Amino acid sequence: MPAMPGTWGELLAILDRREAIQQRLVTAVRLDGVGEPDFRGPALAGRGLATIRRVDVDTTPRAARLADCCEDAAQAAATIAVGVTELASRLRLQAVADGRARLLRLAVDLRGFLTPLRGVIEACGSGLDWLEVDGLDVDDQTAQLGDWLGSLLAAQEDGDWITVADILEYDLGPALQGWACRLRNLAAATDPQHPRPA
Amino acid sequence: MTGPSVPAVTDVRLDHTPVGPTAVVRTRDGRWIRLHSGRDPVGEAERLAASLCANAPPQALILIGVGLGYLLDALGRRSPEARIVALEPLRAVAEAFLERPTSHAWLASGRLTLLVGPDYDGADEAWRSLSAAPDAPMIVAPVIEREFPGEADRAQEVVRQLRFSARANEGARRRFAPRYLLNTIRNIATIAESADVRALFGAFADCPAVVVAAGPSLDRNIEALRRAHGRTLTIAVDTALRPLLEAGIEPQLVVALDPSELNARHLRYLPDTGRTWLVAEGSLDPSAFERFAGRTFVFEVAGHEPWPWLRSIGLDRGRLRAWGSVLTSAFDLALQAGCNPIAFAGADLAYTGGQPYCRGTVYEHEWARRVALGEPLEAVWAQTTAAKARVLADDIHGRPVPTSAALLAFRDWIVKESTAHPSRRFVNGTGGGVLLGGRIEQGALTELLALTAGRPVQGHAAVAAVSRTWRSRRGPERPSIRQAVDELAGAAADRDPIATWLQFAAPDLSAEAVGRALDDACRGLAGSVHGATAPAGPVLPAGGAPERAMAVWAAITGNSAVGHAATPSAGHASATDPAVEWQTAGCLLAALLRSPGPLLTVGAGHPLVPGAHVPASRALDWSPDAVVTVHAFESALAKAASGPPTPLRQPDALQVRIVAADAARTLGLPRVSGWTCAELAARLRLLADWLSVTAAVAGEPIGFIAVREGRDLPLRVAATLVRAYAGAVEVAAVEGPAGAPCPDGRATALAVVAVGDGAHTVPCAPDPVRTADALTGALTQPSADSGGRADDPSSLPALALTVPDGVATAGIHIALRPGGPTPSARPPALPHARPLGWALPIRLNAPSPGCMIGNGLDDGHALFTVVNGRHSIRVDAGGTWTVEPGWPGPIVGEVRWGATGAVAWHNGETSRVLWRDRPDGRVHAGTIPFTACLAFPQVDGSIWWTSFEGGLWSWMPGQHWEQLVDSPPVMGLLTTREGVVLQPSGEDLTFTTRPALTDAFLWTPGAAAVQPVPLGAEGPCWSMSSGPGWAARAYPYGDSIQLSHRGGVRYGLTCGSPFNLAWAGASLIVSTARGDVLLFRDLLSHLAT
């Protein structure tokens, strides 16, 4: 008999293991009737169960959930890729003032895209090898992304907007398109019944 | 292709991509930035081209920022036919581009004009690539625009200049292409006989040269040029040739560029040009070559049609550059000739001193036309330059001077050229203007003399030798050229090169015009031009033309000459004898009057300058055959008029009679038909000018103000009359069919007789108003048998003036018979009498807008009221006037009331009367129940008033208005033994159309109604005044004043539209319908009792 969980994080681990057996995922949690969207976040993990009188948990079949997440992520990656290409075109025309703002937004979008994607994938317990591109695994690619962003920032500081555009158009854009493609493939493989985008 | 000059550079790095190199440049602050994509510069350029040039492929493109040529290639692929003007601001990048094979293909294609910053050498010629599309789209490489904004701006400024030049040249091409083409064709024979300008190239190596332009400072450069002349090669622009020649300087070369007929004037009617050689663009107006036969070099500037064809038939001439101004071509000639140093004179390129050009150019005649209206010359210059001078620039002294963008552009071109010739020395000796910068030194022309010390003299002989050498070396070109032209003449319009020419000069060129030009060319080639000497043609003096026009204008109008320029060019100011000049003018006038041919250009009729008092020389468009004589006539008149009064004797060649038509018949003078109205008017104008100047030279004052007492010579009147006739004839010329002969008929005729050379009798209709004005002052004695019907010339009033034996006018007989049926409804009511003498009036300089209503004030003064003013003027017998005490509001008339009081009135929305009992007394006001005409004080203290609505009224201050009797509208009244005769006012008070009034209205005081009584031929009398023994009555519609002595003697005094009158002592003061106040001073002394 496992030890009684003392915190919400411990309870969630138990729930995940139990649901995993049934190929399901915990997808929503309400504590004392209050919905907790970031129920997997570290802020909530340490919360003592003694302070909680009631826990409601929703679960979803794992494959469907993963497919949904991958599809959402693929869509986001494709959208960002299009934006990146447009931005590159604008920068080649030296539309710099607008370009700076859009670069900032791109950074935010990328962060908002990658972080939850990774979390969801990990939560699903799926391996990340499917994201390998040209022999680069996710970590390598993340590092590469970091390099690109570094070069991009340096070029931006120099006012070398052609180089910025090159990075966006020839590095970041294709990578995002690749990820979008792979995520869609993963969604299809995970849940064959999952509707494919037109 | 305009070739660039690209020096080595170090701040470009080339990276390599799979599709080619890509450029990275280092910016001023040390950053390295890419000009092209580092991954796919070709694809990048394609997309860029697609976004920048989305529309249909243009004819031409402008690209700023060539880089390594990727965008150029992409644009070229999208617009395979387009000409591309590419500007690369970064010289290092341009060098990198030129090292690429793709650049070689571009340069070989002829589609690319590459200009490289920062100097953009060749930009002055690059407009040609845009000539067909000056509004070609401009694409600026984005990275250049953002990273190198200064360079991009400079490049765009170059593009603006290119566009400006392209538009200007395209506009000029459209405008001038037909002329350029046709003139060049017409000139084929001349071109064939002229030397090639290339013969001059290098022929004057290290010879000092002066390039002389016609800027304002040339006036001050002349003396230095005279001293330097013969020690330098003097190259004048065409505009400057005339002032140089008039100053005795014969330049070895004169350069002419402009094909217009207008510009050819610089080269026509010149003083002796026997040694000056013309360096001419082949399209000059053919007349420009006439004085330079056998002394011409020819060049071309653009290779336009028909030069390609001319070259194909073996007629080839070299090129001089022309950057918008003949000065640039003259400078280029000096450069090409190898001259060193090259100095400039008269090259202000600015309006120094507010003057548009130096003195002595043909523009003097344009100025003279304005001056002929009485406008000061400085004002003419100010208006001329104001239209052009829209830029202020620092002159060589650092002071702002007005100039224009075009002149500055010419300056910039010259400056740039100076830097392109580091081995030469350039000295601007102009002493003013904006020609500074580059390698141009500022210095006095006298310094050039020092430079030329010890040098061999380079004179006209050297130029002639160059021409001879060229001729000796050339092959026989004339026969083959003649054969080719003969073959082409009469060819179909669709045959080349005619088809090409028609396209070149479309839409304003016809095949017929080309055919005529080819015919001219055939005729020219059939004759022999070579070896012909330039005919010694007539000379049209230009220097001082405004002053001459002003002098004649002053003589005509009686004004002082104004606006004399301080320093007219040398050669036209010489001490002359007025009598001799007057004789000369008479001879020239005789020649002009005798001339059976047209004096005016074909189709001329409208005066160029409106106004009766404009000297004829400036008023009309004289034909080429007459213009020189006319200007010589003006010159002689001006010199005669400018001298002191002098005794004259009869001109040797001229005796003038002006007689009536019937007199012409009586005298048996033949009638000359065939003159148009305009031709007749032209002769009359010339005659009037001569009469006016004759009066001035003879010492007879001109004008009313300065009339000399005791003289009644009628020259002024004669001149005015003739001028009036000329005006009437001109009206007929303008209103009638163009070129129609002068109408014959019953109108009063004028005969201009040139004794000893036949006679010309020409009819014309006189202008009655002007005639009456001219006759104002004629004293006549009415006789019973002198009246007559208006339509019978023999019964017209005769005014025969025979000038007695005064030396001033001996030989001039004038007989005039004014009157006769006129276009207006005005009846002929001039004095039917022979004049006894003249009492020329003085026109008082009364306050504006003049006076109309007046009456006697006391024995020595008259009172006239300023129209709608607040006061009247008191005029004495000598014409001195003083202002009377004013009124609180506007008045139109004033009469004395009692011993010290006055009554005044005014017609506004309501008519008001004002009165006071002494000059400083309180002013009372009341309303008049009608529109008041004139007031007549009565002995009982009442005042009678005539009314525009009709009727006679009585009023006394403080009492009611009483209508004495009703009547039609009346103005004046005369008291007779029978009663009061009310004088009708008519309906038109403008005096232009005079009503046919037949009746006055007799009122016997106490009667209830008026009785009509017939008016005399002179019409109604509106004013009557009694003086010492004499009464004067004014008849405005009869243009006469009747003077009657109590003893029964009567005189007529001609006066144009007398309105009111009053005696002031022995003088009579008359107001006219125009508001003039005329003083017939001491009139009684002219009248015998």
# chains A, B, ... in the order shown; residues from 1 in each chain; ligands from 1
call {"tool": "interface_residues", "arguments": {"of": "chain B", "to": "chain A", "cutoff": "7 Å", "atoms": "only C-alpha atoms", "output": "short mmCIF file (atom, residue, chain, number, x, y, z; two decimals) with C-alpha atoms, in the first residue's frame"}}
result
data_model
loop_
_atom_site.label_atom_id
_atom_site.label_comp_id
_atom_site.auth_asym_id
_atom_site.auth_seq_id
_atom_site.Cartn_x
_atom_site.Cartn_y
_atom_site.Cartn_z
CA ARG B 31 29.15 47.53 -38.62
CA ILE B 33 25.77 44.54 -43.05
CA ARG B 34 24.60 42.49 -45.93
CA HIS B 36 21.95 40.73 -50.33
CA SER B 37 20.74 37.55 -48.78
CA GLY B 38 23.53 35.32 -47.60
CA ARG B 39 21.52 32.28 -48.58
CA PRO B 142 15.86 49.18 -49.35
CA VAL B 143 19.11 48.55 -47.59
CA ARG B 146 17.92 52.73 -44.73
#
call {"tool": "residues_around", "arguments": {"residues": "Arg24 of chain A", "least_positions_apart": "2", "cutoff": "9 Å", "atoms": "only C-alpha atoms", "output": "ChimeraX atom specification"}}
result
/A:16,18-22,26-27,59-63,65
call {"tool": "residues_around", "arguments": {"residues": "Pro42 of chain A", "least_positions_apart": "4", "cutoff": "12 Å", "atoms": "only C-alpha atoms", "output": "PyMOL selection string"}}
result
chain A and resi 7-10+12+38+46-47
call {"tool": "write_last_selection", "arguments": {"atoms": "N, CA and C atoms", "output": "CSV table (one decimal), in the first residue's frame"}}
result
chain,number,residue,atom,x,y,z
A,7,THR,N,0.8,15.8,-0.4
A,7,THR,CA,0.6,17.0,-1.2
A,7,THR,C,-0.2,16.7,-2.5
A,8,TRP,N,-0.6,17.8,-3.1
A,8,TRP,CA,-1.3,17.6,-4.4
A,8,TRP,C,-0.4,17.0,-5.4
A,9,GLY,N,0.8,17.3,-5.4
A,9,GLY,CA,1.8,16.7,-6.4
A,9,GLY,C,1.9,15.2,-6.2
A,10,GLU,N,1.9,14.8,-5.0
A,10,GLU,CA,2.0,13.4,-4.8
A,10,GLU,C,0.7,12.7,-5.2
A,12,LEU,N,-1.3,13.7,-7.5
A,12,LEU,CA,-1.4,13.7,-9.0
A,12,LEU,C,-0.5,12.6,-9.6
A,38,ASP,N,-3.5,25.1,-14.2
A,38,ASP,CA,-2.0,24.8,-14.1
A,38,ASP,C,-1.8,23.7,-13.0
A,46,GLY,N,3.1,21.4,-4.4
A,46,GLY,CA,3.5,21.3,-2.9
A,46,GLY,C,2.3,21.6,-2.0
A,47,ARG,N,1.2,21.8,-2.6
A,47,ARG,CA,0.1,22.2,-1.7
A,47,ARG,C,-0.4,21.0,-0.9
call {"tool": "select_by_dssp", "arguments": {"residues": "segment 37-114 of chain A", "states": "helix (DSSP H, G or I)", "output": "count of residues only"}}
result
57
call {"tool": "select_by_dssp", "arguments": {"residues": "segment 307-379 of chain B", "states": "strand (DSSP E or B)", "output": "list of chain:residue names"}}
result
B:Arg319, B:Ile342, B:Ala343, B:Phe344, B:Ala345
call {"tool": "residues_around", "arguments": {"residues": "segment 402-419 of chain B", "least_positions_apart": "3", "cutoff": "9 Å", "atoms": "only C-alpha atoms", "output": "short mmCIF file (atom, residue, chain, number, x, y, z; two decimals) with all heavy atoms, in the first residue's frame"}}
result
data_model
loop_
_atom_site.label_atom_id
_atom_site.label_comp_id
_atom_site.auth_asym_id
_atom_site.auth_seq_id
_atom_site.Cartn_x
_atom_site.Cartn_y
_atom_site.Cartn_z
N ASP B 124 25.21 64.15 -66.49
CA ASP B 124 24.70 65.21 -67.35
C ASP B 124 24.22 64.69 -68.70
O ASP B 124 23.48 65.36 -69.40
CB ASP B 124 25.76 66.30 -67.55
CG ASP B 124 27.09 65.71 -67.99
OD1 ASP B 124 27.23 64.48 -67.92
OD2 ASP B 124 27.97 66.49 -68.39
N TRP B 323 24.72 71.62 -72.44
CA TRP B 323 24.00 71.31 -71.21
C TRP B 323 23.01 72.43 -70.93
O TRP B 323 23.11 73.14 -69.94
CB TRP B 323 24.96 71.10 -70.06
CG TRP B 323 24.42 70.06 -69.13
CD1 TRP B 323 24.49 68.71 -69.30
CD2 TRP B 323 23.69 70.30 -67.93
NE1 TRP B 323 23.84 68.08 -68.28
CE2 TRP B 323 23.33 69.02 -67.42
CE3 TRP B 323 23.29 71.43 -67.26
CZ2 TRP B 323 22.60 68.88 -66.25
CZ3 TRP B 323 22.56 71.27 -66.09
CH2 TRP B 323 22.23 70.01 -65.60
N GLY B 324 22.11 72.59 -71.87
CA GLY B 324 21.01 73.51 -71.66
C GLY B 324 21.28 74.94 -72.07
O GLY B 324 20.37 75.74 -72.16
N SER B 325 22.53 75.27 -72.29
CA SER B 325 22.86 76.67 -72.57
C SER B 325 23.96 76.71 -73.61
O SER B 325 24.87 75.87 -73.62
CB SER B 325 23.32 77.37 -71.29
OG SER B 325 24.01 78.56 -71.59
N LEU B 327 26.23 78.73 -73.57
CA LEU B 327 27.47 78.97 -72.86
C LEU B 327 28.22 77.67 -72.61
O LEU B 327 29.45 77.61 -72.72
CB LEU B 327 27.19 79.70 -71.53
CG LEU B 327 28.39 79.91 -70.61
CD1 LEU B 327 29.48 80.73 -71.30
CD2 LEU B 327 27.97 80.59 -69.32
N THR B 328 27.49 76.62 -72.29
CA THR B 328 28.16 75.35 -72.03
C THR B 328 28.80 74.82 -73.31
O THR B 328 29.89 74.23 -73.27
CB THR B 328 27.17 74.31 -71.47
OG1 THR B 328 26.12 74.10 -72.41
CG2 THR B 328 26.59 74.78 -70.15
N PHE B 331 31.91 76.83 -73.93
CA PHE B 331 32.95 76.38 -73.00
C PHE B 331 33.52 75.05 -73.48
O PHE B 331 34.75 74.84 -73.47
CB PHE B 331 32.35 76.25 -71.60
CG PHE B 331 33.32 75.76 -70.56
CD1 PHE B 331 34.60 76.29 -70.45
CD2 PHE B 331 32.94 74.77 -69.67
CE1 PHE B 331 35.47 75.84 -69.47
CE2 PHE B 331 33.80 74.32 -68.70
CZ PHE B 331 35.08 74.85 -68.59
N ASP B 332 32.63 74.16 -73.93
CA ASP B 332 33.10 72.87 -74.42
C ASP B 332 34.00 73.06 -75.63
O ASP B 332 35.00 72.34 -75.79
CB ASP B 332 31.91 71.97 -74.76
CG ASP B 332 32.34 70.53 -74.99
OD1 ASP B 332 33.23 70.06 -74.24
OD2 ASP B 332 31.80 69.88 -75.89
N LEU B 349 25.60 84.22 -65.02
CA LEU B 349 24.66 83.15 -64.69
C LEU B 349 23.76 83.59 -63.53
O LEU B 349 23.37 82.81 -62.66
CB LEU B 349 25.38 81.84 -64.36
CG LEU B 349 26.14 81.25 -65.57
CD1 LEU B 349 27.10 80.17 -65.14
CD2 LEU B 349 25.18 80.75 -66.62
N ALA B 350 23.48 84.84 -63.53
CA ALA B 350 22.66 85.45 -62.49
C ALA B 350 22.22 86.82 -63.01
O ALA B 350 22.72 87.30 -64.03
CB ALA B 350 23.45 85.62 -61.19
N TYR B 351 21.27 87.40 -62.29
CA TYR B 351 20.74 88.69 -62.71
C TYR B 351 21.41 89.80 -61.91
O TYR B 351 20.80 90.46 -61.07
CB TYR B 351 19.23 88.70 -62.56
CG TYR B 351 18.59 87.56 -63.30
CD1 TYR B 351 18.00 86.49 -62.63
CD2 TYR B 351 18.61 87.51 -64.69
CE1 TYR B 351 17.44 85.42 -63.31
CE2 TYR B 351 18.05 86.44 -65.39
CZ TYR B 351 17.47 85.42 -64.69
OH TYR B 351 16.92 84.36 -65.38
N THR B 352 22.67 89.96 -62.17
CA THR B 352 23.46 90.94 -61.43
C THR B 352 22.85 92.33 -61.61
O THR B 352 22.56 92.75 -62.73
CB THR B 352 24.90 90.93 -61.95
OG1 THR B 352 25.40 89.60 -61.89
CG2 THR B 352 25.78 91.86 -61.12
N GLY B 353 22.67 92.99 -60.48
CA GLY B 353 22.10 94.33 -60.55
C GLY B 353 20.66 94.37 -61.02
O GLY B 353 20.17 95.42 -61.43
N GLY B 354 20.01 93.21 -60.98
CA GLY B 354 18.61 93.15 -61.41
C GLY B 354 18.45 93.23 -62.92
O GLY B 354 17.34 93.42 -63.42
N THR B 385 13.12 89.88 -64.87
CA THR B 385 13.88 88.96 -64.02
C THR B 385 13.00 88.32 -62.96
O THR B 385 13.25 87.18 -62.57
CB THR B 385 15.06 89.68 -63.34
OG1 THR B 385 14.54 90.79 -62.60
CG2 THR B 385 16.05 90.18 -64.36
N ALA B 386 11.97 89.05 -62.53
CA ALA B 386 11.11 88.48 -61.49
C ALA B 386 10.45 87.19 -61.97
O ALA B 386 10.19 86.28 -61.18
CB ALA B 386 10.05 89.50 -61.07
N LYS B 388 11.77 85.02 -63.80
CA LYS B 388 12.74 83.92 -63.92
C LYS B 388 13.51 83.67 -62.63
O LYS B 388 13.84 82.53 -62.32
CB LYS B 388 13.75 84.26 -65.02
CG LYS B 388 13.14 84.47 -66.39
CD LYS B 388 14.23 84.91 -67.36
CE LYS B 388 13.66 85.16 -68.75
NZ LYS B 388 14.68 85.71 -69.66
N ALA B 389 13.85 84.75 -61.94
CA ALA B 389 14.74 84.62 -60.79
C ALA B 389 13.96 84.18 -59.57
O ALA B 389 13.32 84.98 -58.91
CB ALA B 389 15.44 85.96 -60.53
N ARG B 390 13.98 82.92 -59.33
CA ARG B 390 13.26 82.40 -58.17
C ARG B 390 14.22 81.86 -57.13
O ARG B 390 13.82 81.21 -56.19
CB ARG B 390 12.29 81.32 -58.61
CG ARG B 390 11.29 81.82 -59.64
CD ARG B 390 10.24 80.81 -59.95
NE ARG B 390 9.30 81.29 -60.94
CZ ARG B 390 8.30 82.12 -60.70
NH1 ARG B 390 8.12 82.55 -59.48
NH2 ARG B 390 7.51 82.51 -61.65
N VAL B 391 15.50 82.09 -57.36
CA VAL B 391 16.50 81.55 -56.45
C VAL B 391 17.46 82.68 -56.10
O VAL B 391 17.82 83.48 -56.95
CB VAL B 391 17.28 80.40 -57.13
CG1 VAL B 391 18.33 79.85 -56.18
CG2 VAL B 391 16.33 79.31 -57.58
N LEU B 392 17.85 82.71 -54.85
CA LEU B 392 18.92 83.60 -54.44
C LEU B 392 20.15 82.74 -54.17
O LEU B 392 20.06 81.72 -53.49
CB LEU B 392 18.56 84.37 -53.18
CG LEU B 392 17.73 85.66 -53.34
CD1 LEU B 392 17.49 86.28 -51.97
CD2 LEU B 392 18.42 86.66 -54.25
N ALA B 393 21.27 83.15 -54.72
CA ALA B 393 22.49 82.41 -54.47
C ALA B 393 23.59 83.40 -54.14
O ALA B 393 23.52 84.57 -54.53
CB ALA B 393 22.86 81.58 -55.70
N ASP B 394 24.60 82.92 -53.45
CA ASP B 394 25.73 83.78 -53.14
C ASP B 394 26.54 84.00 -54.40
O ASP B 394 26.87 83.06 -55.13
CB ASP B 394 26.61 83.15 -52.07
CG ASP B 394 25.96 83.26 -50.70
OD1 ASP B 394 25.00 84.03 -50.57
OD2 ASP B 394 26.41 82.56 -49.79
N PRO B 422 42.16 68.97 -64.77
CA PRO B 422 43.11 69.52 -63.78
C PRO B 422 44.31 70.20 -64.42
O PRO B 422 44.99 70.97 -63.75
CB PRO B 422 43.51 68.28 -62.96
CG PRO B 422 43.21 67.11 -63.85
CD PRO B 422 42.05 67.51 -64.69
N ARG B 424 44.23 72.30 -66.83
CA ARG B 424 43.90 73.61 -67.37
C ARG B 424 43.69 74.62 -66.23
O ARG B 424 43.41 74.24 -65.09
CB ARG B 424 42.60 73.57 -68.19
CG ARG B 424 42.49 72.43 -69.17
CD ARG B 424 43.11 72.74 -70.50
NE ARG B 424 42.82 71.64 -71.42
CZ ARG B 424 41.90 71.69 -72.37
NH1 ARG B 424 41.19 72.78 -72.54
NH2 ARG B 424 41.69 70.64 -73.15
N ARG B 425 43.73 75.86 -66.62
CA ARG B 425 43.45 76.92 -65.65
C ARG B 425 42.19 77.66 -66.10
O ARG B 425 42.03 77.96 -67.29
CB ARG B 425 44.62 77.89 -65.59
CG ARG B 425 44.47 78.90 -64.48
CD ARG B 425 45.70 79.77 -64.35
NE ARG B 425 45.46 80.77 -63.32
CZ ARG B 425 46.19 81.86 -63.17
NH1 ARG B 425 47.20 82.10 -63.98
NH2 ARG B 425 45.90 82.73 -62.22
N PHE B 426 41.32 77.92 -65.15
CA PHE B 426 40.06 78.58 -65.46
C PHE B 426 39.95 79.85 -64.62
O PHE B 426 40.11 79.80 -63.40
CB PHE B 426 38.88 77.66 -65.16
CG PHE B 426 38.96 76.35 -65.89
CD1 PHE B 426 39.52 75.23 -65.28
CD2 PHE B 426 38.52 76.23 -67.19
CE1 PHE B 426 39.61 74.03 -65.95
CE2 PHE B 426 38.62 75.03 -67.88
CZ PHE B 426 39.17 73.92 -67.26
N GLY B 433 28.14 87.72 -60.39
CA GLY B 433 27.43 86.49 -60.70
C GLY B 433 27.87 85.31 -59.86
O GLY B 433 28.59 85.46 -58.86
N VAL B 434 27.48 84.15 -60.29
CA VAL B 434 27.60 82.96 -59.43
C VAL B 434 28.56 81.91 -59.98
O VAL B 434 28.58 80.78 -59.48
CB VAL B 434 26.21 82.32 -59.23
CG1 VAL B 434 25.27 83.26 -58.51
CG2 VAL B 434 25.61 81.86 -60.55
N LEU B 435 29.34 82.26 -60.97
CA LEU B 435 30.25 81.25 -61.53
C LEU B 435 31.46 81.10 -60.62
O LEU B 435 32.48 81.77 -60.77
CB LEU B 435 30.68 81.65 -62.95
CG LEU B 435 31.58 80.65 -63.67
CD1 LEU B 435 30.97 79.26 -63.67
CD2 LEU B 435 31.88 81.11 -65.08
N LEU B 436 31.31 80.23 -59.66
CA LEU B 436 32.38 79.97 -58.72
C LEU B 436 32.32 78.50 -58.31
O LEU B 436 31.30 77.85 -58.46
CB LEU B 436 32.30 80.88 -57.49
CG LEU B 436 31.20 80.63 -56.46
CD1 LEU B 436 31.49 81.43 -55.20
CD2 LEU B 436 29.83 81.00 -56.99
N GLY B 437 33.43 78.03 -57.78
CA GLY B 437 33.49 76.64 -57.36
C GLY B 437 34.43 75.86 -58.26
O GLY B 437 34.97 76.36 -59.24
N GLY B 438 34.64 74.62 -57.86
CA GLY B 438 35.52 73.76 -58.63
C GLY B 438 36.92 74.35 -58.73
O GLY B 438 37.48 74.84 -57.76
N ARG B 439 37.44 74.36 -59.94
CA ARG B 439 38.78 74.88 -60.15
C ARG B 439 38.75 76.25 -60.81
O ARG B 439 39.72 76.70 -61.41
CB ARG B 439 39.59 73.90 -60.99
CG ARG B 439 39.76 72.53 -60.32
CD ARG B 439 40.75 71.65 -61.07
NE ARG B 439 42.03 72.30 -61.19
CZ ARG B 439 42.50 72.84 -62.32
NH1 ARG B 439 41.76 72.82 -63.39
NH2 ARG B 439 43.69 73.41 -62.35
N ILE B 440 37.62 76.91 -60.65
CA ILE B 440 37.48 78.22 -61.27
C ILE B 440 38.01 79.30 -60.33
O ILE B 440 37.51 79.45 -59.21
CB ILE B 440 36.02 78.50 -61.65
CG1 ILE B 440 35.54 77.47 -62.68
CG2 ILE B 440 35.85 79.91 -62.19
CD1 ILE B 440 34.09 77.57 -63.03
#
call {"tool": "residues_around", "arguments": {"residues": "Ala932 of chain B", "least_positions_apart": "6", "cutoff": "8 Å", "atoms": "only C-alpha atoms", "output": "PyMOL selection string"}}
result
chain B and resi 905-907+911+945-948
call {"tool": "residues_around", "arguments": {"residues": "segment 97-114 of chain A", "least_positions_apart": "6", "cutoff": "8 Å", "atoms": "only C-alpha atoms", "output": "list of chain:residue names"}}
result
A:Ala73, A:Ala76, A:Ala77, A:Ile80, A:Val84, A:Leu87, A:Arg90, A:Leu91
call {"tool": "closest_residue", "arguments": {"among": "A:Asp58, A:Thr142, A:Leu44, A:Val29", "to": "Ala175 of chain A", "atoms": "only C-alpha atoms"}}
result
A:Thr142
call {"tool": "residues_around", "arguments": {"residues": "Val34 of chain A", "least_positions_apart": "4", "cutoff": "10 Å", "atoms": "only C-alpha atoms", "output": "PyMOL selection string"}}
result
chain A and resi 29-30+54-56
call {"tool": "write_last_selection", "arguments": {"atoms": "all heavy atoms", "output": "short mmCIF file (atom, residue, chain, number, x, y, z; two decimals), in the first residue's frame"}}
result
data_model
loop_
_atom_site.label_atom_id
_atom_site.label_comp_id
_atom_site.auth_asym_id
_atom_site.auth_seq_id
_atom_site.Cartn_x
_atom_site.Cartn_y
_atom_site.Cartn_z
N VAL A 29 -8.61 19.52 -13.22
CA VAL A 29 -8.68 19.31 -11.77
C VAL A 29 -9.41 20.50 -11.15
O VAL A 29 -9.20 21.65 -11.57
CB VAL A 29 -7.26 19.19 -11.17
CG1 VAL A 29 -7.31 19.21 -9.65
CG2 VAL A 29 -6.57 17.92 -11.67
N ARG A 30 -10.25 20.20 -10.15
CA ARG A 30 -10.87 21.27 -9.35
C ARG A 30 -10.58 20.96 -7.89
O ARG A 30 -10.81 19.82 -7.42
CB ARG A 30 -12.38 21.32 -9.59
CG ARG A 30 -12.76 21.85 -10.96
CD ARG A 30 -14.27 21.86 -11.15
NE ARG A 30 -14.80 20.50 -11.11
CZ ARG A 30 -14.77 19.64 -12.12
NH1 ARG A 30 -14.19 19.97 -13.26
NH2 ARG A 30 -15.29 18.42 -11.98
N ARG A 54 -12.02 18.68 -0.91
CA ARG A 54 -12.62 17.93 -2.02
C ARG A 54 -11.77 18.10 -3.27
O ARG A 54 -11.30 19.18 -3.58
CB ARG A 54 -14.03 18.49 -2.28
CG ARG A 54 -14.75 17.86 -3.46
CD ARG A 54 -16.06 18.64 -3.72
NE ARG A 54 -16.66 18.21 -4.98
CZ ARG A 54 -17.59 17.27 -5.09
NH1 ARG A 54 -18.04 16.66 -3.98
NH2 ARG A 54 -18.10 16.92 -6.27
N VAL A 55 -11.54 16.98 -3.96
CA VAL A 55 -10.79 16.99 -5.21
C VAL A 55 -11.65 16.36 -6.29
O VAL A 55 -12.13 15.24 -6.15
CB VAL A 55 -9.46 16.21 -5.08
CG1 VAL A 55 -8.77 16.11 -6.43
CG2 VAL A 55 -8.55 16.83 -4.05
N ASP A 56 -11.87 17.13 -7.39
CA ASP A 56 -12.58 16.58 -8.55
C ASP A 56 -11.58 16.46 -9.69
O ASP A 56 -10.83 17.40 -9.97
CB ASP A 56 -13.71 17.52 -8.97
CG ASP A 56 -14.77 17.63 -7.87
OD1 ASP A 56 -15.30 16.61 -7.47
OD2 ASP A 56 -15.03 18.80 -7.43
#
